[in-house]
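As structure tokens, the structure follows; a few thoughts come after it.
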Amino acid sequence: MSTLIATEVTLENFMGRAAQMRQQGYRLVTLTCVDTGNGHDILYHFDKKYQMEHFRLRLAEGATLPSICSLYPAAMIVENEIKDHFGIAVSGLSIDFQGRLVLTEDAPRAPMSKRCGMDIDARIPAAPPATAPAVKGGAV
Amino acid sequence: MSRRTIIPFGPQHPVFPEPIQLRLVLEDEKVVEALPAIGYVHRGLEKLAEQKDFIQDVYLVERICGICSFMHSMNYCQGIETLMDITVPDRARFLRVIWAELHRMHSHLLFLGLLADSFGFENLFMQCMRCREDIIDVMEITAGNRILLTTCCIGGVRKDISAEMFSEVHNALDRVFKQLKDLHPAFADDYTVKKRLIGVGVLSMEKAVELGAVGPVAKASGLSMDLRQSGYAVYKELGFSPVTEKAGDCHARMMIRLRELDQSMDLIHKAINMLPEGPINVPVKGNPTGEVAARIEQPRGELLFFIKGNGTKNLERFRARTPTFANLPPLLHMLPGYQLADVPVIVISIDPCISCTER
């Protein structure tokens, strides 16, 4: 095992590079999203005969990630998970869970994000309890 | 035209040991579409791993799963050792493989039992669980714990196994071998079992590649893919080649596990016989820096940990891609076209581990 060396790809060329990997018989292992503070690194891990190739896509803050489901259908589930965990918009998903693959309606938004106000502290507050009705006949 | 019905299958279902929901679209009794709903036991362990230091994370990752716990800590330690350029003593690498294969055995026996239970063969379920006890007893003897061994540490292993303990291991494996010999015909040749499993939940080799199947699911479809072949730990020295089946159905997936049990027993015997003398760990200094994608073959398939260290005691990022997560798209492809009564068997045939999947 050796440390990871990733090939840099851009939004313009990474679909073409992914198509090449598929043509060459590479299997998609998974995607990894890393919050860099001012954007996200999306790492694509491929494998062929136990040899890994990695692509690194530097995604700017607020940018949309194009899905590679059309090339690798297995990417659908992990791209949905990235959307849930980091709040990144993903376009072209074959099945879009609308940010609810692993998170429930009252879960914090983008819980894996490192941005201030996007972390676990951003948990959506529950509705305040209704004012208790006055008890007739004095205090209990 | 048949009427379509949507059935929520799970999250609580008699065949599921853990919560997952499948929304099944049925035409009469036939499944035409399936969609997963997960998140019932999501724990956010990847986030927690960034808040603990990298030594504490050994214990944390071991708790990702209660079945293949040792494999998680072993993979994590191998990843950190790569980042920190640590050479693990030979004896420790052999001991890791012994415990890893014991884990594979108890996991596969649990799978076989649960599969038998899913098609209503309760007696076979109990026989498998009884057989599994022998393996768990061996883990207790050698590590002091039955499931969460906590013997793996960065730089080697924490505990050694004595010669007396090894004789216990050999004896237990002999008992398991005899029990498996009795159980084998029930799984492989029984008329009812074959009727329930053969030709059910078929996944072709092309689809297995396309949908990213791993582990026994891929091997049952004819893909000779097992990371042990890459030679991590001491698998190169032990000599390993994966078992495969061609049918791609539930029966093939079951047969892979049965054959892997024999293979694991052989690997353990070999590892004990080849075990060198020497230290079991080396001291660790400094903090990890850089990125690594560490992989290992779990009982359910390929496990990948992405670890990013930044030179501090806390990791910048830890990510786990577990085999069940990878096997979800193949599962969704297996279900359409089969009867509702086959769904529990097909789902169990991928040996789903939801604790791993949700992390």
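Following the order of the structure tokens, chains are lettered A, B, ..., residues in each are numbered from 1, and ligands are numbered from 1.
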Non-local contacts of Val169 (chain B) (10 Å; only C-alpha atoms; under 6 positions in same chain excluded) as a list in words =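 In the requested form, the answer reads Ile98, Leu102, Asp134, Ile135, Asp137, Val138, Met139, Ile141, Thr142, Ala163, Arg175, Ile268, His269 and Ile272 of chain B.
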Can I get the residues of chain A within 10 Å of chain B, each with the closest pair of atoms and their distance in Å to one decimal, using only C-alpha atoms, sorted chain first then ascending number, as a tab-separated table?
```
residue	atom	partner	partner_atom	distance
A:Met1	CA	B:Thr82	CA	6.7
A:Ser2	CA	B:Thr82	CA	6.3
A:Thr3	CA	B:Val292	CA	4.6
A:Leu4	CA	B:Val292	CA	4.7
A:Ile5	CA	B:Glu291	CA	8.1
A:Ala6	CA	B:Glu291	CA	9.7
A:Arg22	CA	B:Glu210	CA	9.5
A:Gly25	CA	B:Val209	CA	9.4
A:Tyr26	CA	B:Val209	CA	9.4
A:Arg27	CA	B:Gly212	CA	6.9
A:Leu28	CA	B:Gly212	CA	6.7
A:Val29	CA	B:Gly212	CA	7.1
A:Thr30	CA	B:Arg321	CA	7.1
A:Leu31	CA	B:Arg321	CA	8.8
A:Thr32	CA	B:Arg319	CA	7.1
A:Cys33	CA	B:Arg319	CA	8.6
A:Val34	CA	B:Arg317	CA	6.6
A:Asp35	CA	B:Arg317	CA	8.3
A:Thr36	CA	B:Glu316	CA	9.2
A:Leu43	CA	B:Phe306	CA	9.8
A:His45	CA	B:Ala293	CA	8.5
A:Lys49	CA	B:Met225	CA	8.1
A:Tyr50	CA	B:Ser230	CA	6.3
A:Gln51	CA	B:Ser230	CA	8.9
A:Met52	CA	B:Ala293	CA	8.8
A:His54	CA	B:Ala293	CA	9.4
A:Leu71	CA	B:Glu210	CA	8.9
A:Tyr72	CA	B:Glu210	CA	6.6
A:Pro73	CA	B:Leu211	CA	5.9
A:Ala74	CA	B:Leu211	CA	4.7
A:Ala75	CA	B:Leu211	CA	8.5
A:Met76	CA	B:Pro329	CA	8.2
A:Ile77	CA	B:Pro329	CA	7.4
A:Val78	CA	B:Phe325	CA	8.4
A:His85	CA	B:Gly44	CA	9.4
A:Ile95	CA	B:Leu35	CA	9.1
A:Phe97	CA	B:Ala37	CA	9.1
A:Arg100	CA	B:Gly39	CA	8.5
A:Leu101	CA	B:Ile38	CA	6.2
A:Val102	CA	B:Gly39	CA	4.0
A:Leu103	CA	B:Gly39	CA	6.0
A:Thr104	CA	B:Gly39	CA	7.4
A:Pro111	CA	B:Lys47	CA	8.2
A:Met112	CA	B:Lys47	CA	6.3
A:Ser113	CA	B:Lys47	CA	9.3
A:Lys114	CA	B:Lys47	CA	9.9
```
Could you tell me how far CA of Ala247 (chain B) lies from CA of Leu110 (chain B), in Å and to one decimal?
->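 Computing it gives 22.7 Å between the two atoms.
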Close residues, region 92-97 of chain B itself excluded, 10 Å, only C-alpha atoms, min 4 positions apart in chain, as number ranges by chain | B: 70-71, 74, 88, 101-103, 151-153, 155-161, 232-235, 237-238, 264, 267-268, 270-272, 274-282
Considering only strand (DSSP E) as DSSP defines it on the backbone, what residues of region 12-111 of chain A qualify? List them as a PDB file with C-alpha atoms, in the first residue's frame.
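So states_5.pdb came out as:
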```
ATOM      1  CA  ARG A  27     -14.195  -0.161 -11.746  1.00  0.00           C
ATOM      2  CA  LEU A  28     -15.465   2.758  -9.667  1.00  0.00           C
ATOM      3  CA  VAL A  29     -14.682   1.971  -6.025  1.00  0.00           C
ATOM      4  CA  THR A  30     -16.217   5.074  -4.511  1.00  0.00           C
ATOM      5  CA  LEU A  31     -16.119   8.853  -4.224  1.00  0.00           C
ATOM      6  CA  THR A  32     -14.788  10.795  -1.260  1.00  0.00           C
ATOM      7  CA  CYS A  33     -15.679  14.369  -0.457  1.00  0.00           C
ATOM      8  CA  VAL A  34     -13.241  16.451   1.592  1.00  0.00           C
ATOM      9  CA  ASP A  35     -14.241  19.859   2.903  1.00  0.00           C
ATOM     10  CA  GLY A  39     -14.661  24.457  -1.359  1.00  0.00           C
ATOM     11  CA  HIS A  40     -14.628  20.707  -1.666  1.00  0.00           C
ATOM     12  CA  ASP A  41     -12.249  18.132  -3.053  1.00  0.00           C
ATOM     13  CA  ILE A  42     -14.144  15.313  -4.732  1.00  0.00           C
ATOM     14  CA  LEU A  43     -11.933  12.255  -5.058  1.00  0.00           C
ATOM     15  CA  TYR A  44     -12.865   9.516  -7.502  1.00  0.00           C
ATOM     16  CA  HIS A  45     -11.305   6.153  -6.665  1.00  0.00           C
ATOM     17  CA  PHE A  46     -11.007   3.632  -9.506  1.00  0.00           C
ATOM     18  CA  ASP A  47      -9.586   0.127  -9.483  1.00  0.00           C
ATOM     19  CA  LYS A  48      -8.328  -2.310 -12.073  1.00  0.00           C
ATOM     20  CA  GLN A  51      -4.270  -1.053  -8.830  1.00  0.00           C
ATOM     21  CA  MET A  52      -5.988   2.158  -7.845  1.00  0.00           C
ATOM     22  CA  GLU A  53      -6.246   5.395  -9.810  1.00  0.00           C
ATOM     23  CA  HIS A  54      -7.538   8.552  -8.173  1.00  0.00           C
ATOM     24  CA  PHE A  55      -8.958  11.746  -9.656  1.00  0.00           C
ATOM     25  CA  ARG A  56      -9.262  14.942  -7.666  1.00  0.00           C
ATOM     26  CA  LEU A  57     -11.910  17.458  -8.695  1.00  0.00           C
ATOM     27  CA  ARG A  58     -11.624  20.788  -6.885  1.00  0.00           C
ATOM     28  CA  LEU A  59     -15.164  22.060  -6.549  1.00  0.00           C
ATOM     29  CA  ALA A  60     -15.617  25.728  -5.749  1.00  0.00           C
ATOM     30  CA  LEU A  65     -21.284  18.509  -9.077  1.00  0.00           C
ATOM     31  CA  PRO A  66     -22.262  16.680 -12.272  1.00  0.00           C
ATOM     32  CA  VAL A  90     -25.505  17.196  -7.662  1.00  0.00           C
ATOM     33  CA  SER A  91     -26.989  17.305 -11.161  1.00  0.00           C
TER      34      SER A  91
END
```
In chain A, what's alpha helix (DSSP H) per DSSP? Answer as JSON, numbers by chain?
-> {"A": [14, 15, 16, 17, 18, 19, 20, 21, 22, 23, 75, 76, 77, 78, 79, 80, 81, 82, 83, 84, 85, 86]}
